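**Q** Sharing model36.txt here; it has compact mmCIF, C-alpha atoms (C1' of nucleotides).
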# COMPACT_ATOMS: atom_id res chain seq x y z
CA MET A 440 37.36 23.32 -0.36
CA THR A 441 34.78 26.07 -0.08
CA ILE A 442 33.07 24.84 -3.17
CA GLU A 443 32.66 21.43 -1.67
CA THR A 444 31.29 22.78 1.54
CA ARG A 445 28.82 24.89 -0.36
CA ARG A 446 27.63 21.83 -2.20
CA GLU A 447 27.31 19.90 1.00
CA ARG A 448 25.42 22.75 2.55
CA GLU A 449 23.03 22.88 -0.39
CA ARG A 450 22.60 19.17 -0.23
CA ALA A 451 21.80 19.33 3.45
CA GLN A 452 19.32 22.09 2.83
CA ARG A 453 17.59 20.11 0.15
CA GLU A 454 17.56 17.05 2.36
CA GLN A 455 15.84 19.07 5.04
CA LEU A 456 13.48 20.38 2.40
CA ILE A 457 12.50 16.83 1.54
CA VAL A 458 11.89 15.86 5.13
CA THR A 459 9.87 18.98 5.80
CA ALA A 460 7.81 18.53 2.65
CA ALA A 461 7.13 14.91 3.52
CA ARG A 462 6.08 15.85 7.01
CA GLU A 463 3.82 18.70 5.96
CA LEU A 464 2.24 16.66 3.22
CA ALA A 465 1.63 13.82 5.65
CA GLU A 466 0.17 16.11 8.28
CA ALA A 467 -2.05 17.77 5.72
CA GLU A 468 -3.30 14.76 3.79
CA GLY A 469 -2.04 11.67 5.57
CA TRP A 470 0.80 9.35 4.70
CA GLU A 471 -1.13 7.68 1.91
CA ALA A 472 -0.89 10.97 0.03
CA VAL A 473 2.89 11.03 0.36
CA THR A 474 4.10 9.39 -2.83
CA THR A 475 7.54 9.83 -4.26
CA ARG A 476 6.12 11.59 -7.30
CA ARG A 477 4.04 13.94 -5.23
CA LEU A 478 6.94 14.63 -2.95
CA ALA A 479 9.23 15.32 -5.88
CA ALA A 480 6.73 17.79 -7.29
CA GLU A 481 6.46 19.46 -3.90
CA ILE A 482 10.18 20.14 -3.68
CA GLU A 483 10.31 20.99 -7.40
CA TYR A 484 12.81 18.31 -8.29
CA SER A 485 12.49 15.09 -10.17
CA GLN A 486 11.80 11.80 -8.47
CA PRO A 487 15.31 10.25 -8.51
CA VAL A 488 16.67 13.17 -6.52
CA LEU A 489 14.94 11.71 -3.49
CA TYR A 490 16.98 8.56 -3.89
CA SER A 491 20.24 10.47 -3.92
CA HIS A 492 19.40 11.59 -0.40
CA PHE A 493 17.54 8.64 1.03
CA LYS A 494 17.64 4.94 0.42
CA GLY A 495 13.93 4.93 -0.21
CA LYS A 496 10.59 6.22 0.90
CA GLY A 497 10.92 4.38 4.17
CA ALA A 498 14.11 6.25 5.00
CA ILE A 499 12.33 9.56 4.43
CA MET A 500 9.57 8.53 6.78
CA THR A 501 12.14 7.46 9.31
CA ALA A 502 13.77 10.89 9.09
CA VAL A 503 10.40 12.48 9.79
CA ALA A 504 9.94 10.09 12.71
CA VAL A 505 13.29 11.11 14.18
CA GLN A 506 12.18 14.74 14.11
CA GLY A 507 9.05 13.63 15.89
CA PHE A 508 10.95 11.87 18.65
CA GLU A 509 13.05 14.93 19.25
CA GLU A 510 10.05 17.22 19.47
CA LEU A 511 8.10 14.83 21.64
CA ALA A 512 10.98 14.69 24.11
CA ILE A 513 11.11 18.48 24.21
CA GLU A 514 7.41 18.85 24.86
CA VAL A 515 7.32 16.19 27.52
CA ARG A 516 10.34 17.71 29.24
CA ALA A 517 8.73 21.15 29.21
CA ALA A 518 5.60 19.75 30.78
CA ARG A 519 7.53 17.86 33.43
CA THR A 520 9.79 20.70 34.50
CA ALA A 521 6.85 23.11 34.67
CA ALA A 522 4.95 20.88 37.08
CA ARG A 523 5.51 21.01 40.83
CA GLY A 524 4.51 17.86 42.70
CA THR A 525 5.27 14.31 41.64
CA ARG A 526 1.69 13.54 40.80
CA GLU A 527 1.33 16.79 38.91
CA ALA A 528 4.47 15.98 36.99
CA LEU A 529 3.11 12.62 35.97
CA ALA A 530 -0.19 14.14 34.94
CA ALA A 531 1.55 16.89 33.02
CA VAL A 532 3.79 14.44 31.24
CA ALA A 533 0.87 12.22 30.37
CA ALA A 534 -1.15 15.14 29.03
CA ALA A 535 1.78 16.41 26.99
CA TYR A 536 2.32 12.98 25.49
CA THR A 537 -1.26 12.36 24.45
CA ASP A 538 -1.66 15.93 23.25
CA PHE A 539 1.33 15.45 21.01
CA ALA A 540 -0.15 12.29 19.56
CA GLN A 541 -3.48 13.93 18.99
CA LYS A 542 -2.24 17.17 17.49
CA ARG A 543 0.35 15.59 15.20
CA PRO A 544 -1.29 12.32 14.19
CA ALA A 545 0.78 11.84 11.06
CA LEU A 546 3.98 12.48 12.92
CA TYR A 547 3.02 10.08 15.68
CA ASP A 548 2.09 7.60 13.00
CA ALA A 549 5.53 7.85 11.43
CA MET A 550 7.11 7.30 14.82
CA PHE A 551 5.12 4.30 15.95
CA THR A 552 3.22 2.73 13.11
CA GLN A 553 5.19 3.28 9.94
CA ALA A 554 8.89 3.37 10.76
CA VAL A 555 9.63 0.02 12.28
CA ASP A 556 13.28 -0.02 11.37
CA LEU A 557 14.22 2.11 14.35
CA THR A 558 15.82 0.03 17.07
CA PHE A 559 14.49 0.86 20.46
CA ALA A 560 14.84 0.14 24.08
CA SER A 561 18.58 0.11 24.24
CA PRO A 562 20.44 2.82 26.17
CA ASP A 563 23.30 2.78 23.69
CA GLY A 564 21.01 3.67 20.81
CA PRO A 565 20.69 7.19 19.38
CA ALA A 566 19.74 9.86 21.90
CA TYR A 567 16.48 10.88 20.27
CA LEU A 568 15.14 7.39 20.72
CA HIS A 569 15.33 7.33 24.48
CA ASP A 570 15.24 11.02 25.40
CA GLY A 571 11.47 10.98 25.50
CA PHE A 572 11.45 7.78 27.45
CA ASP A 573 13.90 9.24 29.93
CA GLU A 574 11.51 12.12 30.50
CA LEU A 575 8.76 9.69 31.34
CA LEU A 576 11.20 7.84 33.56
CA GLN A 577 11.97 11.01 35.48
CA ALA A 578 8.31 11.49 36.19
CA VAL A 579 7.61 7.86 37.10
CA ARG A 580 10.66 7.10 39.23
CA PRO A 581 9.52 8.92 42.38
CA LEU A 582 6.37 6.82 42.30
CA ALA A 583 7.97 3.45 41.72
CA GLY A 584 8.32 2.33 45.30
CA ASP A 585 9.60 -1.23 45.30
CA ASP A 586 8.99 -1.68 41.60
CA ASP A 587 11.63 -1.38 38.92
CA PRO A 588 11.37 2.22 37.69
CA GLY A 589 12.35 1.38 34.15
CA ILE A 590 9.82 -1.37 33.70
CA LEU A 591 7.16 0.64 35.44
CA THR A 592 7.84 3.50 33.05
CA GLU A 593 7.52 1.11 30.13
CA THR A 594 4.16 0.04 31.46
CA PHE A 595 3.00 3.60 31.93
CA TRP A 596 4.24 4.49 28.50
CA ALA A 597 2.26 1.60 27.07
CA GLY A 598 -0.83 3.03 28.71
CA LEU A 599 -0.25 6.40 27.10
CA HIS A 600 0.53 4.87 23.76
CA GLY A 601 -2.56 2.68 23.90
CA LEU A 602 -4.76 5.63 24.71
CA ALA A 603 -3.24 7.66 21.92
CA MET A 604 -3.70 4.89 19.38
CA LEU A 605 -7.20 3.89 20.33
CA GLU A 606 -8.43 7.45 20.51
CA ARG A 607 -6.81 8.30 17.23
CA SER A 608 -8.52 5.50 15.35
CA GLY A 609 -11.90 6.32 16.85
CA ARG A 610 -11.86 3.18 18.93
CA LEU A 611 -12.41 5.18 22.09
CA PRO A 612 -14.81 8.11 22.35
CA LEU A 613 -13.01 11.41 22.69
CA GLU A 614 -15.37 12.85 25.29
CA ALA A 615 -13.90 10.80 28.10
CA ARG A 616 -10.34 11.50 27.01
CA ASP A 617 -9.34 13.54 30.03
CA HIS A 618 -11.22 11.20 32.28
CA ARG A 619 -9.25 8.20 31.05
CA LEU A 620 -5.99 10.06 31.35
CA ASP A 621 -6.89 10.99 34.90
CA LEU A 622 -7.66 7.39 35.75
CA LEU A 623 -4.41 6.19 34.27
CA VAL A 624 -2.41 8.75 36.20
CA SER A 625 -4.26 7.99 39.41
CA ARG A 626 -3.39 4.30 39.05
CA PHE A 627 0.30 5.11 38.83
CA ALA A 628 0.26 7.96 41.36
CA PRO A 629 -2.41 6.90 43.83
CA ALA A 630 -1.83 9.46 46.51
CA ALA A 631 -3.21 12.85 45.54
CA GLY A 632 -0.73 15.69 45.67
CA MET B 644 -35.57 -22.31 -5.17
CA THR B 645 -33.11 -25.07 -4.35
CA ILE B 646 -30.93 -23.98 -7.20
CA GLU B 647 -30.73 -20.49 -5.84
CA THR B 648 -29.92 -21.68 -2.37
CA ARG B 649 -27.20 -23.92 -3.73
CA ARG B 650 -25.65 -20.96 -5.51
CA GLU B 651 -25.84 -18.85 -2.42
CA ARG B 652 -24.28 -21.64 -0.40
CA GLU B 653 -21.45 -21.98 -2.87
CA ARG B 654 -20.95 -18.25 -2.88
CA ALA B 655 -20.82 -18.18 0.90
CA GLN B 656 -18.32 -21.01 0.90
CA ARG B 657 -16.10 -19.23 -1.55
CA GLU B 658 -16.36 -16.04 0.43
CA GLN B 659 -15.19 -17.88 3.49
CA LEU B 660 -12.43 -19.40 1.40
CA ILE B 661 -11.24 -15.92 0.49
CA VAL B 662 -11.25 -14.71 4.08
CA THR B 663 -9.44 -17.81 5.29
CA ALA B 664 -6.85 -17.60 2.54
CA ALA B 665 -6.25 -13.92 3.28
CA ARG B 666 -5.84 -14.62 6.96
CA GLU B 667 -3.50 -17.57 6.50
CA LEU B 668 -1.41 -15.72 3.98
CA ALA B 669 -1.17 -12.73 6.28
CA GLU B 670 -0.25 -14.86 9.26
CA ALA B 671 2.35 -16.71 7.25
CA GLU B 672 3.98 -13.85 5.38
CA GLY B 673 2.49 -10.63 6.71
CA TRP B 674 -0.12 -8.36 5.19
CA GLU B 675 2.31 -6.91 2.69
CA ALA B 676 2.34 -10.30 1.00
CA VAL B 677 -1.43 -10.32 0.67
CA THR B 678 -2.02 -8.90 -2.78
CA THR B 679 -5.17 -9.41 -4.78
CA ARG B 680 -3.29 -11.41 -7.40
CA ARG B 681 -1.65 -13.61 -4.82
CA LEU B 682 -4.92 -14.10 -3.05
CA ALA B 683 -6.69 -14.97 -6.28
CA ALA B 684 -4.04 -17.56 -7.05
CA GLU B 685 -4.40 -18.98 -3.58
CA ILE B 686 -8.13 -19.60 -3.96
CA GLU B 687 -7.62 -20.72 -7.56
CA TYR B 688 -9.87 -18.11 -9.06
CA SER B 689 -9.15 -15.02 -11.08
CA GLN B 690 -8.69 -11.64 -9.50
CA PRO B 691 -12.06 -10.05 -10.30
CA VAL B 692 -13.83 -12.79 -8.39
CA LEU B 693 -12.64 -11.14 -5.20
CA TYR B 694 -14.49 -8.00 -6.17
CA SER B 695 -17.74 -9.86 -6.66
CA HIS B 696 -17.57 -10.75 -2.99
CA PHE B 697 -15.91 -7.73 -1.44
CA LYS B 698 -15.83 -4.08 -2.28
CA GLY B 699 -12.06 -4.15 -2.25
CA LYS B 700 -9.01 -5.40 -0.48
CA GLY B 701 -9.87 -3.34 2.55
CA ALA B 702 -13.19 -5.12 2.92
CA ILE B 703 -11.42 -8.47 2.89
CA MET B 704 -9.10 -7.32 5.63
CA THR B 705 -12.06 -6.06 7.59
CA ALA B 706 -13.68 -9.49 7.30
CA VAL B 707 -10.51 -11.04 8.70
CA ALA B 708 -10.53 -8.47 11.49
CA VAL B 709 -14.10 -9.39 12.40
CA GLN B 710 -13.05 -13.01 12.77
CA GLY B 711 -10.27 -11.80 15.00
CA PHE B 712 -12.59 -9.86 17.28
CA GLU B 713 -14.81 -12.87 17.69
CA GLU B 714 -11.91 -15.14 18.58
CA LEU B 715 -10.34 -12.62 20.90
CA ALA B 716 -13.60 -12.32 22.82
CA ILE B 717 -13.78 -16.09 23.13
CA GLU B 718 -10.26 -16.43 24.45
CA VAL B 719 -10.61 -13.59 26.91
CA ARG B 720 -13.89 -15.01 28.16
CA ALA B 721 -12.35 -18.43 28.64
CA ALA B 722 -9.52 -16.94 30.64
CA ARG B 723 -11.87 -14.88 32.78
CA THR B 724 -14.29 -17.66 33.62
CA ALA B 725 -11.47 -20.04 34.46
CA ALA B 726 -9.97 -17.65 37.00
CA ARG B 727 -11.14 -17.55 40.63
CA GLY B 728 -10.50 -14.27 42.45
CA THR B 729 -11.04 -10.81 41.03
CA ARG B 730 -7.36 -10.06 40.78
CA GLU B 731 -6.70 -13.44 39.22
CA ALA B 732 -9.46 -12.77 36.73
CA LEU B 733 -7.91 -9.47 35.73
CA ALA B 734 -4.49 -11.05 35.39
CA ALA B 735 -5.89 -13.92 33.37
CA VAL B 736 -7.77 -11.61 31.07
CA ALA B 737 -4.71 -9.44 30.58
CA ALA B 738 -2.51 -12.41 29.79
CA ALA B 739 -5.06 -13.83 27.38
CA TYR B 740 -5.30 -10.52 25.58
CA THR B 741 -1.59 -9.95 25.14
CA ASP B 742 -1.01 -13.59 24.27
CA PHE B 743 -3.55 -13.27 21.53
CA ALA B 744 -1.82 -10.21 20.16
CA GLN B 745 1.55 -11.89 20.29
CA LYS B 746 0.56 -15.21 18.80
CA ARG B 747 -1.57 -13.79 16.01
CA PRO B 748 0.24 -10.60 15.07
CA ALA B 749 -1.23 -10.35 11.60
CA LEU B 750 -4.72 -10.87 12.91
CA TYR B 751 -4.24 -8.28 15.62
CA ASP B 752 -2.82 -5.98 13.00
CA ALA B 753 -5.92 -6.32 10.87
CA MET B 754 -8.07 -5.57 13.89
CA PHE B 755 -6.28 -2.51 15.16
CA THR B 756 -3.90 -1.13 12.59
CA GLN B 757 -5.28 -1.87 9.17
CA ALA B 758 -9.05 -1.93 9.33
CA VAL B 759 -10.00 1.54 10.45
CA ASP B 760 -13.44 1.50 8.92
CA LEU B 761 -14.91 -0.42 11.80
CA THR B 762 -16.95 1.83 14.04
CA PHE B 763 -16.24 1.24 17.68
CA ALA B 764 -17.21 2.22 21.13
CA SER B 765 -20.94 2.25 20.66
CA PRO B 766 -23.11 -0.33 22.41
CA ASP B 767 -25.51 -0.46 19.47
CA GLY B 768 -22.76 -1.55 17.10
CA PRO B 769 -22.26 -5.15 15.98
CA ALA B 770 -21.79 -7.65 18.78
CA TYR B 771 -18.30 -8.77 17.80
CA LEU B 772 -17.03 -5.25 18.28
CA HIS B 773 -17.88 -4.98 21.95
CA ASP B 774 -17.99 -8.59 23.09
CA GLY B 775 -14.30 -8.54 23.84
CA PHE B 776 -14.58 -5.21 25.56
CA ASP B 777 -17.44 -6.53 27.67
CA GLU B 778 -15.21 -9.35 28.83
CA LEU B 779 -12.64 -6.87 30.00
CA LEU B 780 -15.41 -4.90 31.64
CA GLN B 781 -16.53 -7.94 33.59
CA ALA B 782 -13.05 -8.34 34.96
CA VAL B 783 -12.50 -4.68 35.73
CA ARG B 784 -15.86 -3.78 37.24
CA PRO B 785 -15.31 -5.42 40.66
CA LEU B 786 -12.17 -3.31 41.00
CA ALA B 787 -13.62 0.02 39.93
CA GLY B 788 -14.57 1.37 43.32
CA ASP B 789 -15.83 4.92 42.87
CA ASP B 790 -14.58 5.13 39.29
CA ASP B 791 -16.71 4.64 36.22
CA PRO B 792 -16.25 0.97 35.30
CA GLY B 793 -16.60 1.58 31.58
CA ILE B 794 -14.02 4.30 31.40
CA LEU B 795 -11.72 2.42 33.73
CA THR B 796 -11.98 -0.57 31.43
CA GLU B 797 -11.15 1.60 28.46
CA THR B 798 -8.06 2.77 30.29
CA PHE B 799 -7.02 -0.74 31.18
CA TRP B 800 -7.66 -1.85 27.65
CA ALA B 801 -5.42 0.94 26.40
CA GLY B 802 -2.68 -0.37 28.66
CA LEU B 803 -3.00 -3.85 27.19
CA HIS B 804 -3.17 -2.53 23.67
CA GLY B 805 -0.15 -0.33 24.21
CA LEU B 806 1.87 -3.21 25.60
CA ALA B 807 0.85 -5.42 22.72
CA MET B 808 1.75 -2.83 20.11
CA LEU B 809 5.05 -1.74 21.59
CA GLU B 810 6.22 -5.27 22.22
CA ARG B 811 5.19 -6.34 18.77
CA SER B 812 7.22 -3.66 17.06
CA GLY B 813 10.29 -4.35 19.17
CA ARG B 814 9.90 -1.08 21.01
CA LEU B 815 9.86 -2.88 24.32
CA PRO B 816 12.16 -5.78 25.19
CA LEU B 817 10.32 -9.06 25.41
CA GLU B 818 12.18 -10.30 28.46
CA ALA B 819 10.24 -8.08 30.84
CA ARG B 820 6.95 -8.88 29.20
CA ASP B 821 5.41 -10.72 32.13
CA HIS B 822 6.88 -8.22 34.52
CA ARG B 823 5.16 -5.32 32.77
CA LEU B 824 1.90 -7.19 32.61
CA ASP B 825 2.15 -7.86 36.31
CA LEU B 826 2.78 -4.21 37.06
CA LEU B 827 -0.16 -3.13 34.95
CA VAL B 828 -2.48 -5.58 36.67
CA SER B 829 -1.22 -4.60 40.09
CA ARG B 830 -1.99 -0.94 39.35
CA PHE B 831 -5.58 -1.79 38.56
CA ALA B 832 -6.01 -4.46 41.23
CA PRO B 833 -3.78 -3.22 44.02
CA ALA B 834 -4.80 -5.60 46.76
CA ALA B 835 -3.29 -9.04 46.27
CA GLY B 836 -5.75 -11.93 46.23
C1' DG C 1198 -33.69 -32.53 -26.29
C1' DC C 1199 -32.64 -28.30 -27.88
C1' DA C 1200 -32.42 -22.98 -28.96
C1' DG C 1201 -32.32 -18.73 -26.34
C1' DA C 1202 -31.53 -15.90 -22.40
C1' DT C 1203 -28.90 -15.19 -18.39
C1' DT C 1204 -25.49 -15.66 -15.23
C1' DG C 1205 -20.86 -15.88 -13.93
C1' DC C 1206 -15.94 -15.97 -14.95
C1' DC C 1207 -11.70 -14.74 -17.16
C1' DT C 1208 -8.50 -12.14 -20.17
C1' DA C 1209 -6.71 -7.81 -20.82
C1' DG C 1210 -5.83 -3.36 -19.49
C1' DC C 1211 -5.76 1.26 -16.73
C1' DA C 1212 -3.62 4.45 -13.66
C1' DG C 1213 -0.69 4.73 -10.08
C1' DC C 1214 3.04 2.97 -6.94
C1' DG C 1215 8.39 2.57 -5.48
C1' DC C 1216 12.50 2.47 -7.69
C1' DT C 1217 16.43 2.55 -11.35
C1' DA C 1218 19.31 2.81 -15.71
C1' DG C 1219 21.19 5.75 -18.99
C1' DA C 1220 20.86 10.02 -21.52
C1' DA C 1221 21.29 14.95 -21.10
C1' DT C 1222 22.39 18.93 -18.78
C1' DG C 1223 24.95 21.95 -16.16
C1' DT C 1224 29.24 23.04 -13.39
C1' DG C 1225 34.12 23.85 -12.31
C1' DC C 1226 38.93 23.48 -13.89
C1' DT C 1227 42.83 24.07 -17.30
C1' DA D 93 37.24 27.87 -25.21
C1' DG D 94 37.22 23.07 -24.32
C1' DC D 95 37.52 19.23 -21.36
C1' DA D 96 36.05 16.39 -17.40
C1' DC D 97 33.23 15.64 -13.83
C1' DA D 98 29.10 15.80 -11.11
C1' DT D 99 24.34 16.23 -11.05
C1' DT D 100 19.72 16.02 -12.68
C1' DC D 101 16.15 14.46 -15.72
C1' DT D 102 13.59 11.42 -19.00
C1' DA D 103 11.95 7.05 -19.63
C1' DG D 104 10.81 2.73 -18.16
C1' DC D 105 10.43 -1.73 -15.20
C1' DG D 106 7.62 -4.63 -12.39
C1' DC D 107 4.36 -4.26 -9.20
C1' DT D 108 -0.09 -2.63 -6.93
C1' DG D 109 -5.57 -2.27 -6.55
C1' DC D 110 -9.20 -2.25 -9.50
C1' DT D 111 -12.42 -2.53 -13.82
C1' DA D 112 -14.41 -3.08 -18.59
C1' DG D 113 -15.86 -6.23 -22.03
C1' DG D 114 -15.79 -10.66 -24.27
C1' DC D 115 -16.45 -15.56 -23.61
C1' DA D 116 -18.29 -19.75 -21.85
C1' DA D 117 -21.00 -22.42 -19.02
C1' DT D 118 -25.55 -22.78 -16.99
C1' DC D 119 -30.50 -22.58 -16.48
C1' DT D 120 -35.23 -21.82 -18.71
C1' DG D 121 -39.02 -22.44 -22.00
C1' DC D 122 -40.51 -24.93 -26.04
What do you get writing this file as structure tokens?
**A**
Amino acid sequence: MTIETRRERERAQREQLIVTAARELAEAEGWEAVTTRRLAAEIEYSQPVLYSHFKGKGAIMTAVAVQGFEELAIEVRAARTAARGTREALAAVAAAYTDFAQKRPALYDAMFTQAVDLTFASPDGPAYLHDGFDELLQAVRPLAGDDDPGILTETFWAGLHGLAMLERSGRLPLEARDHRLDLLVSRFAPAAG
Amino acid sequence: MTIETRRERERAQREQLIVTAARELAEAEGWEAVTTRRLAAEIEYSQPVLYSHFKGKGAIMTAVAVQGFEELAIEVRAARTAARGTREALAAVAAAYTDFAQKRPALYDAMFTQAVDLTFASPDGPAYLHDGFDELLQAVRPLAGDDDPGILTETFWAGLHGLAMLERSGRLPLEARDHRLDLLVSRFAPAAG
DNA sequence: GCAGATTGCCTAGCAGCGCTAGAATGTGCT
DNA sequence: AGCACATTCTAGCGCTGCTAGGCAATCTGC
């Protein structure tokens, strides 16, 4: 019994090692540098070991993405709970979201560009997939008025995601970053305070 | 002289053939199906011919993306000029934009996900890169008020782009598509009419 | 009209990719 | 110690983007 549990524990550790290595390699050199051979060398095991843990490279990236969703939710929640007014909360949440995307581009990439096999937008899905959204929802709801809070949150989220993506790819100049964020927030929380 | 021009003409034709084949293949089967071998077979030439026209596969995708930017600008302009009021213009422009992204996913992908080597956000860049943006600007400007029209347009654009991306990847349910678009427009053009 | 120079194209191949089969190694039990 | 099982590694498959070098068709000057 104990011997089995030890093995499982070691396996779990190594699995985490793989995910961490993939993430760090991606954040350091981008996802194009994350090859199965490179990753195997990084964890000091041979290539096929990866496939005894994950179905393929995509599954590894998905695992990294899941980590990202969890951390994003945490950061957004921290920003929201620290803020006082409703408008401040929305602004704080928006800033936290875009900061996350900017500071962890590879992670954000895994979450929204690479791993497409994660089913979204269903409340019965895994928690990590809608925890972050729920945080946004908490911040948007007080400002919804007659509009559907959920759909309004989706729209606001899209604004954040669009800003993050366009800024990340150099499509939008970074100087006006805060300015754009401020405009977005002001459109969803018109009344100051 | 004439012999040179004929050669150049033939070269230009074949170059267009490559771009068209790449685009059609991508739209039919996705960009992952667009390999240099497959593309060469499609145009009935050998692989290295591609490299006598383009620096690499990325350059071919960029060429497709450029076509996309031109067509997007045309469609957005058509929608804008056909609309009457300022709010209607914004709504029309928004619908045209997201429709484009939804109906030509591979093309939109080439424009915003794949081809990153296109420099953006500078007025002195190539026309096709800011023509579409200028169309959005035309629609947004009357609604800017005290805000900077350019930056407000960037923000609105981000909203459209975010919606397009999240809907495309299944991150947002398609049922509420029009609803979200309506909410976004209403946040940027609050007064009805 | 025909040899020579030039241009353009294709065949073949390189290094690297994700992934897998089967050999080899190490581990725990009797 | 020797057996049986689990695990890991070596080697290789088919594919990718890309390139070198030989071959053939084309144009030029006589």
**Q** Taking all atoms listed in the file into account and nothing else, which residues of chain A lie no more than 12 Å away from chain C? Please answer as a PyMOL selection string.
**A** chain A and resi 442-443+446+471-477+486-491+493-497
**Q** Output the contact residues of chain B with respect to chain A at a cut-off of 10 Å, based on only C-alpha atoms, as a CSV table (one decimal) with C-alpha atoms, keeping the file's coordinate frame.
**A**
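Full text of result06.csv as output:
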chain,number,residue,atom,x,y,z
B,755,PHE,CA,-6.3,-2.5,15.2
B,756,THR,CA,-3.9,-1.1,12.6
B,758,ALA,CA,-9.0,-1.9,9.3
B,759,VAL,CA,-10.0,1.5,10.4
B,760,ASP,CA,-13.4,1.5,8.9
B,761,LEU,CA,-14.9,-0.4,11.8
B,762,THR,CA,-17.0,1.8,14.0
B,763,PHE,CA,-16.2,1.2,17.7
B,764,ALA,CA,-17.2,2.2,21.1
B,765,SER,CA,-20.9,2.2,20.7
B,772,LEU,CA,-17.0,-5.2,18.3
B,790,ASP,CA,-14.6,5.1,39.3
B,791,ASP,CA,-16.7,4.6,36.2
B,793,GLY,CA,-16.6,1.6,31.6
B,794,ILE,CA,-14.0,4.3,31.4
B,795,LEU,CA,-11.7,2.4,33.7
B,796,THR,CA,-12.0,-0.6,31.4
B,797,GLU,CA,-11.2,1.6,28.5
B,798,THR,CA,-8.1,2.8,30.3
B,799,PHE,CA,-7.0,-0.7,31.2
B,800,TRP,CA,-7.7,-1.8,27.6
B,801,ALA,CA,-5.4,0.9,26.4
B,802,GLY,CA,-2.7,-0.4,28.7
B,803,LEU,CA,-3.0,-3.8,27.2
B,804,HIS,CA,-3.2,-2.5,23.7
B,805,GLY,CA,-0.2,-0.3,24.2
B,806,LEU,CA,1.9,-3.2,25.6
B,807,ALA,CA,0.8,-5.4,22.7
B,808,MET,CA,1.8,-2.8,20.1
B,809,LEU,CA,5.0,-1.7,21.6
B,810,GLU,CA,6.2,-5.3,22.2
B,812,SER,CA,7.2,-3.7,17.1
B,813,GLY,CA,10.3,-4.4,19.2
B,814,ARG,CA,9.9,-1.1,21.0
B,815,LEU,CA,9.9,-2.9,24.3
B,816,PRO,CA,12.2,-5.8,25.2
B,819,ALA,CA,10.2,-8.1,30.8
B,820,ARG,CA,7.0,-8.9,29.2
B,822,HIS,CA,6.9,-8.2,34.5
B,823,ARG,CA,5.2,-5.3,32.8
B,824,LEU,CA,1.9,-7.2,32.6
B,825,ASP,CA,2.2,-7.9,36.3
B,826,LEU,CA,2.8,-4.2,37.1
B,827,LEU,CA,-0.2,-3.1,35.0
B,829,SER,CA,-1.2,-4.6,40.1
B,830,ARG,CA,-2.0,-0.9,39.4
B,831,PHE,CA,-5.6,-1.8,38.6
B,832,ALA,CA,-6.0,-4.5,41.2
B,833,PRO,CA,-3.8,-3.2,44.0
**Q** Kindly give the distance, in Å, that separates CA of Ala521 (chain A) and CA of Gly584 (chain A), rounded to a single decimal.
**A**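 Going from CA of Ala521 (chain A) over to CA of Gly584 (chain A) covers 23.4 Å.
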**Q** How far is it from CA of Met500 (chain A) to CA of Ala549 (chain A), in Å with one decimal?
**A** 6.2 Å
**Q** Restrict the distance test to all atoms listed in the file, flag each residue of chain D within 12 Å of chain A, and return the flagged residues as a PyMOL selection string.
**A** chain D and resi 98-102
**Q** To box region 1204-1221 of chain C, take all atoms listed in the file, fit an axis-aligned box, add 8 Å on each side, and give centre and edge lengths in Å to one decimal, as JSON.
**A**
{"center_x": -2.1, "center_y": -0.5, "center_z": -13.5, "size_x": 62.8, "size_y": 46.9, "size_z": 32.0}
**Q** What is the CA of Thr663 (chain B) to CA of Val707 (chain B) distance in Å?
**A**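 Calculated distance between CA of Thr663 (chain B) and CA of Val707 (chain B) is 7.7 Å.
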**Q** Is it possible to dump region 671-682 of chain B as an mmCIF file, in the first residue's frame, including just C-alpha atoms?
**A**
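Result went into decode.cif, see below:
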data_model
loop_
_atom_site.group_PDB
_atom_site.id
_atom_site.type_symbol
_atom_site.label_atom_id
_atom_site.label_comp_id
_atom_site.auth_asym_id
_atom_site.auth_seq_id
_atom_site.Cartn_x
_atom_site.Cartn_y
_atom_site.Cartn_z
ATOM 1 C CA ALA B 671 -11.459 25.203 -46.047
ATOM 2 C CA GLU B 672 -9.342 23.189 -43.632
ATOM 3 C CA GLY B 673 -7.687 25.638 -41.262
ATOM 4 C CA TRP B 674 -4.139 26.928 -41.192
ATOM 5 C CA GLU B 675 -2.778 23.701 -39.776
ATOM 6 C CA ALA B 676 -3.597 22.087 -43.106
ATOM 7 C CA VAL B 677 -1.604 24.684 -45.008
ATOM 8 C CA THR B 678 1.801 23.090 -45.374
ATOM 9 C CA THR B 679 4.333 24.066 -47.976
ATOM 10 C CA ARG B 680 4.065 20.670 -49.638
ATOM 11 C CA ARG B 681 0.301 20.799 -49.729
ATOM 12 C CA LEU B 682 0.373 24.321 -51.030
#
